[in-house]
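*Asks:* One structure, pasted below without further comment.
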Amino acid sequence: MPAVEEGTLLWEPSQEFRERSEMRRYMRWLAERKGLSFDTYDDLWQWSVRDLEAFWASIWEYFDIQASRPYERVLAGRAMPGARWFPGAELNYAQHALRRASREHPAILCASEDRLLTALSWDELGAQVAAVAAALRNLGVGRGDRVAAYVPNIPEALVAFLATASIGAIWSSCSPDFGAPSVADRFRQIEPRVLIAVDGYRYNGRPYDRRPVVAELQRQLPGLETTVLIPYLDPAAGTAGFPGKTVLWPELLREGGPLAFEPVPFDHPLWILYSSGTTGLPKPIVQGHGGILLEHLKMMALHCDLRPGDRFFWFTTTGWMMWNFLVSGLLVGATVLLYDGSPGYPDMNALWRLAEQSRMTLLGTSAAYIGACMKAGIEPGRDFDLSALKSIGSTGSPLAPEGFRWVYDHVKRDLWLASVSGGTDLCTAFLGGCPLLPVRAGELQCRCLGADVQAFDERGRPVIDQVGELVITQPMPSMPLFFWNDPGDRRYRDSYFAMYPGVWRHGDWIKITPRGSAVIYGRSDSTINRMGVRMGTSEIYRVVEAIPEVQDSLVIDLELPGRGAYMPLFVVLREGVELDDGLRERIRRRIRESLSPRHVPDDIVAIPEVPRTLNGKKLEVPVKKILMGAAREQAVNPDSMSNPGALRFFEEFAARLQAEGAAGA
């Protein structure tokens with residue numbers, strides 16, 4: 001593969017591509033309707049963050065938001081947290097998701113490992129949403145009640161979500177590859193009234209029966225009244241053997257009634273997502289109807305360049321915010337593509353085969369998948385008809401310059417590749433693609449409209465062309481309304497505003513180039529981020545340290561130059577125990593079953609002791625810095641440690657990693 005460096009120019013949009021884009025159409029609209037003329041995207045971005053009220057009001061008007069009550073003003077105070085957007089307005093997200101119904105193209109295309117590509121029309125989608133909404137009402141679900149889902153990425157999940165939103169109830173979901181303890185830790189906090197779950201699923205060619213997990217969740221969830229079972233793995237699956245009231249999904253679809261939408265305030269909760277810190281339970285993040293509606297309309301149309309007739313896909317599960325992002329493709333009238341299965345089964349061509357079969361126009365994936373395709377030596381551009389494919393999105397972790405080059409050399413030359421970065425916390429990308437700008441290796445094209453992203457140095461000053469803390473200095477509508485069960489917003493403030501009061505600190509290292517593009521250098525904290533799914537280290541410790549042979553543990557998530565994503569798990573074993581292949585496999589299996597396959601470590605290494613502070617906290621961030629090449633004195637003050645000698649192992653381990661990286665290069 002030809003050498004490529006960060007910043008190497010790989011693609012430029014043609015003049016026709018630029019002029020046909022939704023971004024250019026929006027700029028023409030601003031000039032005609034508002035008298036606002038911008039020569040470049042950067043000029044437009046500067047206006048969008050300098051005059052927040054005018055920008056977001058233009059988004060409301062441009063996308064013709066349907067509100068049963070108008071807003072009184074755009075923004076009632078800019079203080080973070082606590083900024084209030086569009087007070088007085090009442091609307092409904094689900095109404096906007098279904099208002100672009102068309103007979104010219106389907107609403108949904110779906111496939112799985114053992115099911116062929118099938119379509120669901122807009123009429124069918126609307127009818128199913130109406131039926132499930134009526135059924136939920138009959139089950140006693142109303143405004144503000146929680147509906148939790150333990151389902152894969154299938155049409156039933158999307159139908160259930162839209163039905164929940166349409167009646168003003170609150171949605172929350174976990175992927176069925178999560179184990180019972182991990183799901184219970186999430187759903188117990190929000191006390192759902194209804195649980196929608198599958199009997200099982202298929203992954204990598206293997207069936208997974210989840211009925212025992214569903215039964216355990218029924219026992220562990222306080223306030224749960226009804227479980228709706230989707231017979232997905234076994235069409236003949238019934239409700240016998242479950243400890244709580246259980247009905248079958250087909251019974252919900254038999255309900256009648258018209259499609260109706262409950263008007264709710266702009267800041268009424270739409271869904272609850274989960275993002276884990278390094279300690280405590282996963283954070284239940286609440287986002288609102290109006291904030292998500294405006295943010296996702298902006299992203300889908302202007303930054304993803306989606307419109308009616310496009311076919312939009314992102315490889316995701318229902319446990320990752322990219323599922324919520326994906327379903328918002330309906331807001332602009334695009335066809336949403338759902339896939340349930342492994343991206344590597346039966347081989348690494350699975351998603352490229354789906355792209356050909358579905359005539360996909362935007363393929364969203366992860367840097368990890370692109371890296372796996374590179375290692376597998378596949379040739380998607382040669383082996384499949386990708387003539388419909390206009391763009392590729394990559395997220396989850398930084399895409400290396402070599403990954404950019406591989407896409408252009410082995411997928412398609414004339415292709416818009418957008419590496420994007422954001423998070424569960426805002427359920428969007430605040431750094432991403434722009435159809436007006438060139439693509440450069442290793443870089444994210446731009447800061448997204450309305451997102452005042454900056455790189456802060458150690459003194460809290462914005463810097464250009466230097467690596468700093470990624471911060472957002474002004475509010476965005478999709479920022480969390482609050483965390484569920486967080487009195488006084490204490491946990492919310494501690495999560496994002498403790499370092500810079502009034503400024504959102506996201507926890508990534510970023511460099512903003514003089515061109516306005518950006519490079520992400522991984523997490524600046526110790527949260528585990530595997531393929532975009534974040535999980536606190538405490539969750540992994542709870543599982544690993546429950547194994548009798550393991551006395552203590554430390555897990556570190558790294559982005560290493562020349563190696564990419566790498567997550568080693570270090571374990572302290574009880575006296576007389578050897579870390580053999582059998583114990584390694586038991587640890588991996590326990591993590592896979594109790595948490596998720598994504599969080600299985602790349603290596604498991606025995607260590608004498610875990611480095612700790614004087615008050616007993618594990619030194620995750622200092623160890624991470626050492627493994628990334630920092631000297632001990634730069635990483636930690638030994639006087640703050642109870643066992644400074646424990647760092648010697650990690651210094652030696654870091655030297656081995658660097659030697660392996662140099663040898664691989």
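Convention: chains lettered A, B, ... in structure tokens order; per-chain residue numbering from 1; ligands numbered from 1 as shown.
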Wanna dump the region 350-407 of chain A-region 515-533 of chain A contacts at 10 Å for me, each residue with its shortest atom pair and the distance in Å to one decimal, counting only C-alpha atoms, ordered by chain and number, as CSV?
*Replies:*
```
residue,atom,partner,partner_atom,distance
A:Thr365,CA,A:Met531,CA,9.3
A:Ser366,CA,A:Met531,CA,6.4
A:Ala367,CA,A:Met531,CA,7.7
A:Ala368,CA,A:Met531,CA,6.6
A:Tyr369,CA,A:Met531,CA,8.8
A:Thr395,CA,A:Gly532,CA,6.9
A:Gly396,CA,A:Gly532,CA,3.6
A:Ser397,CA,A:Met531,CA,6.3
A:Pro398,CA,A:Ile520,CA,6.1
A:Leu399,CA,A:Ile520,CA,8.9
A:Ala400,CA,A:Val519,CA,9.9
```
*Asks:* Please, could you write that set of residues out with C-alpha atoms as a CSV table (one decimal), in the first residue's frame?
*Replies:*
```
chain,number,residue,atom,x,y,z
A,365,THR,CA,-19.3,1.4,10.0
A,366,SER,CA,-16.4,1.5,12.4
A,367,ALA,CA,-12.6,2.1,12.2
A,368,ALA,CA,-12.3,-1.4,13.6
A,369,TYR,CA,-14.2,-3.0,10.8
A,395,THR,CA,-16.9,6.2,13.9
A,396,GLY,CA,-16.3,4.3,17.2
A,397,SER,CA,-12.6,5.2,17.3
A,398,PRO,CA,-10.2,7.2,15.2
A,399,LEU,CA,-9.6,6.0,11.7
A,400,ALA,CA,-5.9,5.8,10.9
```
*Asks:* For Ala184 (chain A), please output as a list of chain:residue names all residues within 9 Å (counting only C-alpha atoms; exclusion window: fewer than 3 positions along the same chain).
*Replies:*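 Once the adjacent positions are removed, what remains is A:Gly179, A:Ala180, A:Pro181, A:Phe187, A:Arg188, A:Gln189, A:Glu216, A:Leu217, A:Gln220, A:Leu221.
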*Asks:* Quick one: everything within 10 Å of Asp42 (chain A), counting only C-alpha atoms, minus sequence neighbours fewer than 5 positions away in the same chain. Send it as an mmCIF file with C-alpha atoms, in the first residue's frame.
*Replies:*
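out-v2.cif written:
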```cif
data_model
loop_
_atom_site.group_PDB
_atom_site.id
_atom_site.type_symbol
_atom_site.label_atom_id
_atom_site.label_comp_id
_atom_site.auth_asym_id
_atom_site.auth_seq_id
_atom_site.Cartn_x
_atom_site.Cartn_y
_atom_site.Cartn_z
ATOM 1 C CA TRP A 47 -21.836 32.136 12.203
ATOM 2 C CA SER A 48 -23.580 29.021 13.534
ATOM 3 C CA LEU A 437 -14.829 19.911 1.773
ATOM 4 C CA CYS A 446 -15.025 19.806 10.077
ATOM 5 C CA ARG A 447 -16.611 20.909 13.289
ATOM 6 C CA CYS A 448 -20.340 20.419 12.771
ATOM 7 C CA LEU A 449 -22.725 23.354 12.544
ATOM 8 C CA ARG A 515 -7.898 24.387 7.909
ATOM 9 C CA GLY A 516 -10.702 23.777 10.426
ATOM 10 C CA SER A 517 -10.456 19.987 10.218
#
```
*Asks:* Show me, as a list in words, the residues that have an atom within 12 Å of Asp383 (chain A) when counting only C-alpha atoms, minus same-chain residues fewer than 6 positions from it.
*Replies:* Asn349, Ala350, Trp352, Arg353, Ala355, Glu356, His410, Val411 and Lys412 of chain A
*Asks:* Take the residues from that selection and write them out as a PDB file, in the first residue's frame, keeping N, CA and C atoms.
*Replies:*
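That gives us out-v6.pdb:
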```
ATOM      1  N   ASN A 349     -16.716  -9.980   3.949  1.00  0.00           N
ATOM      2  CA  ASN A 349     -17.449  -9.275   2.891  1.00  0.00           C
ATOM      3  C   ASN A 349     -18.916  -9.057   3.228  1.00  0.00           C
ATOM      4  N   ALA A 350     -19.334  -9.416   4.446  1.00  0.00           N
ATOM      5  CA  ALA A 350     -20.767  -9.399   4.774  1.00  0.00           C
ATOM      6  C   ALA A 350     -21.422  -8.042   4.502  1.00  0.00           C
ATOM      7  N   TRP A 352     -20.257  -5.497   2.667  1.00  0.00           N
ATOM      8  CA  TRP A 352     -20.119  -5.087   1.260  1.00  0.00           C
ATOM      9  C   TRP A 352     -21.132  -5.834   0.395  1.00  0.00           C
ATOM     10  N   ARG A 353     -21.401  -7.082   0.743  1.00  0.00           N
ATOM     11  CA  ARG A 353     -22.423  -7.859   0.032  1.00  0.00           C
ATOM     12  C   ARG A 353     -23.798  -7.222   0.248  1.00  0.00           C
ATOM     13  N   ALA A 355     -24.304  -4.094   0.911  1.00  0.00           N
ATOM     14  CA  ALA A 355     -24.311  -2.824   0.176  1.00  0.00           C
ATOM     15  C   ALA A 355     -24.709  -3.041  -1.280  1.00  0.00           C
ATOM     16  N   GLU A 356     -24.208  -4.102  -1.895  1.00  0.00           N
ATOM     17  CA  GLU A 356     -24.561  -4.403  -3.280  1.00  0.00           C
ATOM     18  C   GLU A 356     -26.030  -4.775  -3.395  1.00  0.00           C
ATOM     19  N   HIS A 410      -9.271   0.311  -2.335  1.00  0.00           N
ATOM     20  CA  HIS A 410      -9.874  -1.023  -2.423  1.00  0.00           C
ATOM     21  C   HIS A 410     -11.402  -1.022  -2.413  1.00  0.00           C
ATOM     22  N   VAL A 411     -12.015   0.130  -2.192  1.00  0.00           N
ATOM     23  CA  VAL A 411     -13.476   0.193  -2.240  1.00  0.00           C
ATOM     24  C   VAL A 411     -13.935   1.005  -3.446  1.00  0.00           C
ATOM     25  N   LYS A 412     -13.571   2.287  -3.481  1.00  0.00           N
ATOM     26  CA  LYS A 412     -14.041   3.128  -4.572  1.00  0.00           C
ATOM     27  C   LYS A 412     -13.252   4.426  -4.575  1.00  0.00           C
TER      28      LYS A 412
END
```
*Asks:* As a ChimeraX atom specification, please: the residues near region 385-388 of chain A (cut-off 12 Å, only C-alpha atoms, same-chain neighbours under 3 positions excluded).
*Replies:* /A:309-312,351-363,379-382,391-392,410-415
*Asks:* Taking the DSSP secondary structure from the backbone, can you list the residues of region 383-606 of chain A that are alpha helix (DSSP H), as a tab-separated table (two decimals) with N, CA, C and O atoms, in the first residue's frame?
*Replies:*
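The resulting file, states_14.tsv, is reproduced below:
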```
chain	number	residue	atom	x	y	z
A	383	ASP	N	-15.03	-6.96	-6.17
A	383	ASP	CA	-15.90	-8.12	-6.07
A	383	ASP	C	-17.40	-7.79	-6.00
A	383	ASP	O	-18.23	-8.69	-6.10
A	401	PRO	N	-4.74	6.98	9.11
A	401	PRO	CA	-4.53	7.37	7.71
A	401	PRO	C	-4.50	6.18	6.76
A	401	PRO	O	-5.01	6.27	5.64
A	402	GLU	N	-3.95	5.05	7.22
A	402	GLU	CA	-3.90	3.86	6.36
A	402	GLU	C	-5.31	3.33	6.06
A	402	GLU	O	-5.55	2.76	4.99
A	403	GLY	N	-6.23	3.50	7.03
A	403	GLY	CA	-7.62	3.10	6.79
A	403	GLY	C	-8.28	3.95	5.73
A	403	GLY	O	-9.04	3.45	4.89
A	404	PHE	N	-8.00	5.26	5.76
A	404	PHE	CA	-8.50	6.15	4.72
A	404	PHE	C	-8.00	5.68	3.35
A	404	PHE	O	-8.77	5.57	2.39
A	405	ARG	N	-6.70	5.44	3.25
A	405	ARG	CA	-6.10	5.03	1.97
A	405	ARG	C	-6.71	3.73	1.48
A	405	ARG	O	-7.00	3.59	0.29
A	406	TRP	N	-6.93	2.79	2.39
A	406	TRP	CA	-7.47	1.49	1.97
A	406	TRP	C	-8.85	1.67	1.32
A	406	TRP	O	-9.14	1.03	0.31
A	407	VAL	N	-9.69	2.53	1.91
A	407	VAL	CA	-11.02	2.74	1.34
A	407	VAL	C	-10.91	3.22	-0.10
A	407	VAL	O	-11.62	2.72	-1.00
A	408	TYR	N	-10.03	4.19	-0.36
A	408	TYR	CA	-9.92	4.74	-1.71
A	408	TYR	C	-9.22	3.78	-2.68
A	408	TYR	O	-9.51	3.80	-3.88
A	409	ASP	N	-8.35	2.94	-2.16
A	409	ASP	CA	-7.64	2.00	-3.04
A	409	ASP	C	-8.42	0.71	-3.29
A	409	ASP	O	-8.26	0.08	-4.34
A	410	HIS	N	-9.27	0.31	-2.34
A	410	HIS	CA	-9.87	-1.02	-2.42
A	410	HIS	C	-11.40	-1.02	-2.41
A	410	HIS	O	-12.01	-2.08	-2.59
A	490	ARG	N	-25.95	16.44	40.23
A	490	ARG	CA	-24.56	16.32	40.73
A	490	ARG	C	-23.71	15.43	39.83
A	490	ARG	O	-22.59	15.79	39.46
A	491	ARG	N	-24.24	14.26	39.47
A	491	ARG	CA	-23.45	13.35	38.64
A	491	ARG	C	-23.25	13.92	37.24
A	491	ARG	O	-22.20	13.74	36.62
A	492	TYR	N	-24.27	14.59	36.73
A	492	TYR	CA	-24.19	15.23	35.41
A	492	TYR	C	-23.07	16.27	35.41
A	492	TYR	O	-22.21	16.29	34.52
A	493	ARG	N	-23.05	17.13	36.42
A	493	ARG	CA	-22.01	18.16	36.49
A	493	ARG	C	-20.63	17.54	36.64
A	493	ARG	O	-19.66	17.97	36.00
A	494	ASP	N	-20.51	16.54	37.50
A	494	ASP	CA	-19.22	15.90	37.71
A	494	ASP	C	-18.70	15.23	36.43
A	494	ASP	O	-17.50	15.16	36.20
A	495	SER	N	-19.62	14.75	35.60
A	495	SER	CA	-19.23	14.01	34.40
A	495	SER	C	-18.62	14.90	33.32
A	495	SER	O	-17.71	14.49	32.61
A	496	TYR	N	-19.14	16.13	33.18
A	496	TYR	CA	-18.73	16.96	32.04
A	496	TYR	C	-18.21	18.36	32.41
A	496	TYR	O	-17.54	18.99	31.59
A	537	THR	N	-14.86	0.96	33.56
A	537	THR	CA	-13.95	-0.10	34.00
A	537	THR	C	-14.54	-0.84	35.19
A	537	THR	O	-14.28	-2.03	35.38
A	538	SER	N	-15.33	-0.13	35.98
A	538	SER	CA	-15.90	-0.78	37.17
A	538	SER	C	-16.78	-1.97	36.79
A	538	SER	O	-16.85	-2.95	37.54
A	539	GLU	N	-17.46	-1.87	35.65
A	539	GLU	CA	-18.30	-2.99	35.21
A	539	GLU	C	-17.46	-4.22	34.90
A	539	GLU	O	-17.83	-5.35	35.21
A	540	ILE	N	-16.30	-4.00	34.27
A	540	ILE	CA	-15.41	-5.11	33.95
A	540	ILE	C	-14.81	-5.69	35.23
A	540	ILE	O	-14.71	-6.91	35.40
A	541	TYR	N	-14.43	-4.81	36.16
A	541	TYR	CA	-13.85	-5.30	37.42
A	541	TYR	C	-14.84	-6.15	38.19
A	541	TYR	O	-14.46	-7.18	38.78
A	542	ARG	N	-16.09	-5.75	38.20
A	542	ARG	CA	-17.09	-6.53	38.95
A	542	ARG	C	-17.18	-7.96	38.43
A	542	ARG	O	-17.31	-8.91	39.20
A	543	VAL	N	-17.11	-8.09	37.12
A	543	VAL	CA	-17.23	-9.42	36.51
A	543	VAL	C	-15.96	-10.23	36.71
A	543	VAL	O	-16.00	-11.39	37.13
A	544	VAL	N	-14.82	-9.61	36.43
A	544	VAL	CA	-13.54	-10.33	36.47
A	544	VAL	C	-13.20	-10.74	37.90
A	544	VAL	O	-12.77	-11.88	38.16
A	581	ASP	N	-4.12	-21.15	29.70
A	581	ASP	CA	-5.10	-20.90	28.64
A	581	ASP	C	-6.53	-21.13	29.12
A	581	ASP	O	-7.46	-20.44	28.69
A	582	GLY	N	-6.71	-22.10	30.01
A	582	GLY	CA	-8.04	-22.39	30.51
A	582	GLY	C	-8.61	-21.23	31.31
A	582	GLY	O	-9.78	-20.87	31.16
A	583	LEU	N	-7.78	-20.63	32.19
A	583	LEU	CA	-8.26	-19.50	32.99
A	583	LEU	C	-8.50	-18.28	32.11
A	583	LEU	O	-9.47	-17.55	32.30
A	584	ARG	N	-7.61	-18.07	31.14
A	584	ARG	CA	-7.82	-16.95	30.21
A	584	ARG	C	-9.17	-17.08	29.50
A	584	ARG	O	-9.91	-16.11	29.37
A	585	GLU	N	-9.48	-18.28	29.05
A	585	GLU	CA	-10.74	-18.48	28.33
A	585	GLU	C	-11.94	-18.30	29.25
A	585	GLU	O	-12.97	-17.75	28.84
A	586	ARG	N	-11.80	-18.72	30.51
A	586	ARG	CA	-12.91	-18.52	31.45
A	586	ARG	C	-13.16	-17.04	31.70
A	586	ARG	O	-14.30	-16.60	31.82
A	587	ILE	N	-12.08	-16.25	31.80
A	587	ILE	CA	-12.23	-14.81	32.01
A	587	ILE	C	-12.91	-14.18	30.80
A	587	ILE	O	-13.83	-13.37	30.93
A	588	ARG	N	-12.44	-14.56	29.61
A	588	ARG	CA	-13.05	-14.01	28.39
A	588	ARG	C	-14.53	-14.38	28.30
A	588	ARG	O	-15.37	-13.56	27.94
A	589	ARG	N	-14.84	-15.63	28.60
A	589	ARG	CA	-16.22	-16.09	28.50
A	589	ARG	C	-17.11	-15.35	29.50
A	589	ARG	O	-18.24	-14.96	29.18
A	590	ARG	N	-16.60	-15.12	30.72
A	590	ARG	CA	-17.39	-14.42	31.73
A	590	ARG	C	-17.68	-12.99	31.28
A	590	ARG	O	-18.80	-12.50	31.45
A	591	ILE	N	-16.70	-12.30	30.71
A	591	ILE	CA	-16.91	-10.94	30.22
A	591	ILE	C	-17.90	-10.94	29.06
A	591	ILE	O	-18.81	-10.11	28.98
A	592	ARG	N	-17.72	-11.91	28.15
A	592	ARG	CA	-18.58	-11.99	26.97
A	592	ARG	C	-20.04	-12.20	27.39
A	592	ARG	O	-20.96	-11.58	26.86
A	593	GLU	N	-20.28	-13.08	28.35
A	593	GLU	CA	-21.64	-13.43	28.73
A	593	GLU	C	-22.27	-12.40	29.67
A	593	GLU	O	-23.47	-12.14	29.59
A	594	SER	N	-21.48	-11.81	30.56
A	594	SER	CA	-22.03	-10.88	31.55
A	594	SER	C	-22.09	-9.45	31.06
A	594	SER	O	-22.93	-8.67	31.50
```
*Asks:* To test your reading of the structure, identify every residue in region 284-464 of chain A that backbone DSSP assigns to strand (DSSP E or B), and report it as an MDAnalysis selection string.
*Replies:* chainID A and resid 284:288 311:314 335:340 362:366 391:395 416:419 421:423 428:432 439:440 444 446:447 453:456 462
